[in-house]
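Participant: Supplied in structure tokens, the structure appears directly below.
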Amino acid sequence: MRSPRYRVRPGNWDTAGATVLDDGVNFCVFSRYAERMSLLLFERETSKEPYEVLHLNPRLNRTFFFWHIFVENLPDGTYYNWRATGPGDTSETGSRLDPEKALLDPWATTISDRLWDRATASRPGNNVAKAMRAQVIRDDYDWEEDRPLYVSLNNAIIYEMHVGGFTRHPSSGVVHPGTFEGVTEKIPYLKDLGITHVELMPVMAFDPQDVPPQTAKMGMENYWGYSTHSFFAPHPGFAVTAINARDEFRDMVKAFHRAGIGVILDVVFNHTAEGGENGPVISFKAFGNEIFYHLDFEDPSRYRDYTGCGNTMNCNHPIVTRFLIDALLYWVRHMHVDGFRFDLASALARGEDGNPQHHAPVLWAIELSPSLNRAHIIAEAWDAAGLYQVGDFPGYRWAEWNGRYRDVIRSFVRGDAGMVPEVATRMSGSSDMYEGRGRLPMNSINFVTCHDGFTLCDLVSYNAKHNEANGEDNRDGHDHNLSWNCGIEGPTDDPEIQTLRRRQARNFISILMLSQGVPMLLSGDEVFRSKFGNNNTYCQNNELSWSDWGLVDTNSEMLEFVRSMIALRRRHPTLTRDRFLRGKPDYGHTRPDIIWHGVDLEQPNWTHAESRQLAFTLEGSVDDEQPLHVMLNMGSEPIAFALPPIAGLRWGLALDTSSERPAVEPTDQSLIEDDRFQLGAFSVVVLEARPG
């Protein structure tokens with residue numbers, strides 16, 4: 001029998017994963033039902049077989065349910081996997097231990113998926129030659145005094161983007177398209193746009209092969225990345241060199257911070273890439289299937305699926321809660337991210353019995369963690385099984401994607417009648433949803449579009465989704481789009497329809513930037529990017545999804561408009577109040593903080609079923625800030641709005657979306673001479689008070 005290449009010691013159980021120390025590496029992993037455990041060491045990421053297999057002794061190498069071993073003088077860069085042996089009686093305990101499967105370390109910080117084959121991992125048998133690998137890498141990164149930023153959500157403007165798609169198009173002109181480095185090259189563009197935070201779609205390592213069979217046959221992949229398998233590792237496909245993925249991500253974060261831009265990660269804690277009963281064994285299914293997942297009460301071989309993705313993580317089991325909190329702490333402490341957006345976050349509110357918990361341990365642990373107290377936490381406050389918690393998500397710090405805001409503003413701008421009262425509520429911060437529970441306007445993340453659904457261009461160009469290219473017979477994606485094609489479905493050369501579409505796009509951007517709460521833009525909307533009616537491009541890693549940088553010139557007037565509206569918002573603190581509007585004078589002011597109007601002064605049409613008009617006057621919220629007056633006409637005919645008098649001041653025209661012009665600075669504004677202003681059909685007008 002050959003002697004082991006390395007000397008080993010029992011190791012420690014208190015730190016999971018692979019921990020590099022001066023004289024070797026400590027390995028530790030958790031498994032409740034494992035009876036034997038082996039550590040597999042590989043020379044290269046493409047090695048089909050391990051060069052060394054270390055068998056752990058349960059008397060020496062197991063503490064509680066943690067298995068651990070210390071390997072002396074193990075070379076930096078070594079790849080490794082685990083094998084676990086034990087019961088596979090899924091119908092009794094839910095355990096799915098399989099001694100033939102090569103298992104990825106759930107705590108791995110660097111992984112390689114070059115050999116990965118999802119189909120092999122989904123079938124019985126040895127998959128070591130086609131398994132993912134974890135890698136041991138010493139962490140000596142130089143942060144150069146960088147720290148996570150803290151820009152209050154009160155003052156935030158969030159930009160949702162896909163790391164790969166942002167620069168993968170040939171027009172991007174970057175050295176390394178589709179990578180963290182490619183994004184870094186485009187930071188000056190984002191800074192010039194005026195955003196304060198990027199919200200990155202999943203960058204934790206995910207499985208691109210996780211798509212329906214028909215979609216896979218068409219050569220498509222899981223492009224969006226909502227199929228995480230490694231919660232501590234950056235996705236290797238976004239790195240120039242997979243072994244450097246962690247440091248390349250850090251370089252990008254550091255560059256964003258130097259530009260004054262925060263980084264928020266879209267994290268997928270609700271399910272994993274392992275899918276349901278027929279999905280692959282990657283790690284969790286073997287190490288702790290019965291702990292990490294919600295299993296059927298009567299048949300533990302089956303999964304309870306609250307996510308629509310085959311499985312649901314059992315987030316409120318103590319071990320899983322600790323695992324997820326440790327992952328967040330890792331990304332804050334070691335990767336310097338500034339916050340998190342939680343995909344299908346209501347799944348995290350489900351207890352071990354599957355029922356919603358108002359005091360769900362994992363959500364409150366995130367809320368109350370001292371180490372996360374400066375990290376933004378944002379919930380997509382629903383799941384795929386009908387739990388909808390917008391306005392009622394547990395906790396105080398949690399902000400929410402305000403799906404109600406999206407739907408109301410979409411309906412109003414397309415011309416639906418009777419929306420005026422709720423439009424007023426949504427634009428003033430959704431106090432009906434948040435104020436009664438002691439929360440603030442910044443708990444509302446306002447958006448009109450996001451990755452999931454139509455782009456802004458498509459929202460005004462299509463009445464229905466067109467997802468045929470996804471290979472699912474147009475059954476996938478949302479049908480509840482609340483869109484309007486302005487007269488013709490899809491592309492058109494009709495100049496009147498083109499003009500109306502662009503005006504509607506300007507209306508959406510204007511209302512978003514004039515609303516209390518936190519605005520979020522979808523990447524590409526600032527240049528009127530279309531996905532030709534496909535509202536579910538999760539599998540489209542191609543030009544349909546990629547950012548076309550030629551649009552920066554082609555649609556430069558839209559880009560300049562978005563920049564101007566961001567600038568208008570940022571020069572008016574009254575649009576980013578930290579408390580709800582009351583309709584009464586604020587401290588130090590004699591005029592009410594807001595006065596609501598209709599077409600006539602102080603006569604809002606709260607009860608008129610056919611009303612499509614609304615106006616309001618916002619008092620300045622800081623010294624020397626003059627009032628704003630906003631008028632909205634989503635009717636199909638022009639109408640003259642009365643203007644409020646302002647003693648000693650005059651109204652200047654900052655914005656009229658019926659014009660192609662962007663919002664203008666006060667010094668360039670024309671002064672309004674009359675006591676009424678004629679608003680065109682489907683238009684937004686903003687007036688700024690200025691000395692007469």
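Letters A, B, ... mark the chains of the structure tokens in the order given; residue numbers begin at 1 per chain; ligand numbers begin at 1, in order shown.
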Show me, as a ChimeraX atom specification, the residues that have an atom within 8 Å of stretch 317-334 of chain A when counting only C-alpha atoms, minus same-chain residues fewer than 6 positions from it.
Facilitator: /A:148,231-232,269,291-292,351-352,361-362,365-366,371-372,375
Participant: From a DSSP calculation on the backbone, collect every residue of stretch 50-104 of chain A in strand (DSSP E or B) and output the set as a count of residues only.
Facilitator: 22
Participant: If we count only C-alpha atoms, what is near A:Gly652 at a cut-off of 10 Å, once residues fewer than 6 positions away on the same chain are taken out, given as a ChimeraX atom specification?
Facilitator: /A:628-629,664-673,686-692
Participant: May I have the selected residues written with C-alpha atoms, as a PDB file, in the first residue's frame?
Facilitator:
ATOM      1  CA  LEU A 628     -41.247  71.924  -7.385  1.00  0.00           C
ATOM      2  CA  HIS A 629     -44.522  71.688  -9.255  1.00  0.00           C
ATOM      3  CA  VAL A 664     -32.845  71.498 -18.139  1.00  0.00           C
ATOM      4  CA  GLU A 665     -30.902  73.237 -15.407  1.00  0.00           C
ATOM      5  CA  PRO A 666     -32.532  76.304 -13.760  1.00  0.00           C
ATOM      6  CA  THR A 667     -30.248  78.731 -15.569  1.00  0.00           C
ATOM      7  CA  ASP A 668     -31.473  77.451 -18.960  1.00  0.00           C
ATOM      8  CA  GLN A 669     -35.186  77.361 -18.183  1.00  0.00           C
ATOM      9  CA  SER A 670     -37.794  79.525 -19.826  1.00  0.00           C
ATOM     10  CA  LEU A 671     -40.084  81.342 -17.380  1.00  0.00           C
ATOM     11  CA  ILE A 672     -43.826  80.723 -17.365  1.00  0.00           C
ATOM     12  CA  GLU A 673     -45.843  83.910 -17.845  1.00  0.00           C
ATOM     13  CA  VAL A 686     -41.998  69.744 -14.039  1.00  0.00           C
ATOM     14  CA  LEU A 687     -41.621  73.384 -12.984  1.00  0.00           C
ATOM     15  CA  GLU A 688     -38.930  74.660 -10.659  1.00  0.00           C
ATOM     16  CA  ALA A 689     -39.468  77.834  -8.629  1.00  0.00           C
ATOM     17  CA  ARG A 690     -36.791  80.456  -9.033  1.00  0.00           C
ATOM     18  CA  PRO A 691     -36.336  84.110  -8.115  1.00  0.00           C
ATOM     19  CA  GLY A 692     -38.405  86.451 -10.263  1.00  0.00           C
TER      20      GLY A 692
END
Participant: Between A:Pro106, A:Pro645, A:Gly471, A:Pro592, which has the minimum distance to A:Glu221 (counting only C-alpha atoms)?
Facilitator: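 Going through A:Pro106, A:Pro645, A:Gly471, A:Pro592 one by one, the smallest distance to A:Glu221 is for A:Gly471.
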Participant: Tell me which protein, DNA and RNA residues are within 12 Å of A:Gln504, counting only C-alpha atoms, leaving out same-chain ones fewer than 2 positions away, and put them as a PyMOL selection string.
Facilitator: chain A and resi 409-415+456-461+483-486+497-502+506-511+528+558+632-635+656-660+681-684
Participant: Given only C-alpha atoms as the basis, pick out the residue of A:Tyr303, A:Phe287, A:Phe166, A:Phe342 nearest to A:Thr179.
Facilitator: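 Of all the options, A:Phe166 lies closest to A:Thr179.
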Participant: Run DSSP on the backbone and tell me which residues of stretch 450-685 of chain A come out as alpha helix (DSSP H); list them as a ChimeraX atom specification.
Facilitator: /A:456-459,495-513,551-554,556-570
Participant: Filtering to C-alpha atoms, could you give me those residues as a compact mmCIF listing (two decimals), in the first residue's frame?
Facilitator:
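Saved to part.txt:
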# COMPACT_ATOMS: atom_id res chain seq x y z
CA LEU A 456 -38.70 49.91 -21.16
CA CYS A 457 -38.65 49.95 -24.97
CA ASP A 458 -40.70 46.75 -25.15
CA LEU A 459 -43.12 47.98 -22.48
CA PRO A 495 -43.21 58.21 -37.10
CA GLU A 496 -46.25 59.05 -34.96
CA ILE A 497 -46.08 55.75 -33.09
CA GLN A 498 -42.31 56.05 -32.68
CA THR A 499 -42.76 59.54 -31.23
CA LEU A 500 -45.45 58.38 -28.82
CA ARG A 501 -43.36 55.41 -27.67
CA ARG A 502 -40.40 57.59 -26.84
CA ARG A 503 -42.65 60.06 -25.04
CA GLN A 504 -44.12 57.22 -22.97
CA ALA A 505 -40.61 56.03 -22.13
CA ARG A 506 -39.75 59.54 -20.95
CA ASN A 507 -42.95 59.56 -18.87
CA PHE A 508 -41.93 56.36 -17.09
CA ILE A 509 -38.43 57.64 -16.33
CA SER A 510 -39.79 60.99 -15.16
CA ILE A 511 -42.35 59.51 -12.78
CA LEU A 512 -39.75 57.09 -11.40
CA MET A 513 -37.32 59.91 -10.65
CA LEU A 551 -27.31 52.45 -28.91
CA VAL A 552 -25.34 55.00 -26.88
CA ASP A 553 -25.04 56.97 -30.11
CA THR A 554 -28.20 55.80 -31.88
CA SER A 556 -28.28 59.41 -27.44
CA GLU A 557 -31.29 61.65 -26.82
CA MET A 558 -32.81 59.01 -24.50
CA LEU A 559 -29.51 58.59 -22.68
CA GLU A 560 -29.23 62.34 -22.18
CA PHE A 561 -32.82 62.46 -20.95
CA VAL A 562 -32.18 59.81 -18.28
CA ARG A 563 -29.00 61.59 -17.19
CA SER A 564 -30.92 64.85 -16.89
CA MET A 565 -33.69 63.31 -14.79
CA ILE A 566 -31.17 61.72 -12.44
CA ALA A 567 -29.49 65.12 -12.13
CA LEU A 568 -32.84 66.81 -11.42
CA ARG A 569 -33.60 64.28 -8.69
CA ARG A 570 -30.18 64.65 -7.10
Participant: Can you list, as a PyMOL selection string, every protein, DNA or RNA residue that comes within 9 Å of A:Trp546 when you count only C-alpha atoms, leaving out same-chain residues fewer than 4 positions away?
Facilitator: chain A and resi 162+164-169+540-542
Participant: Tell me which protein, DNA and RNA residues are within 10 Å of A:Met252, counting only C-alpha atoms, leaving out same-chain ones fewer than 6 positions away, and put them as a PyMOL selection string.
Facilitator: chain A and resi 179-185+187+258+263
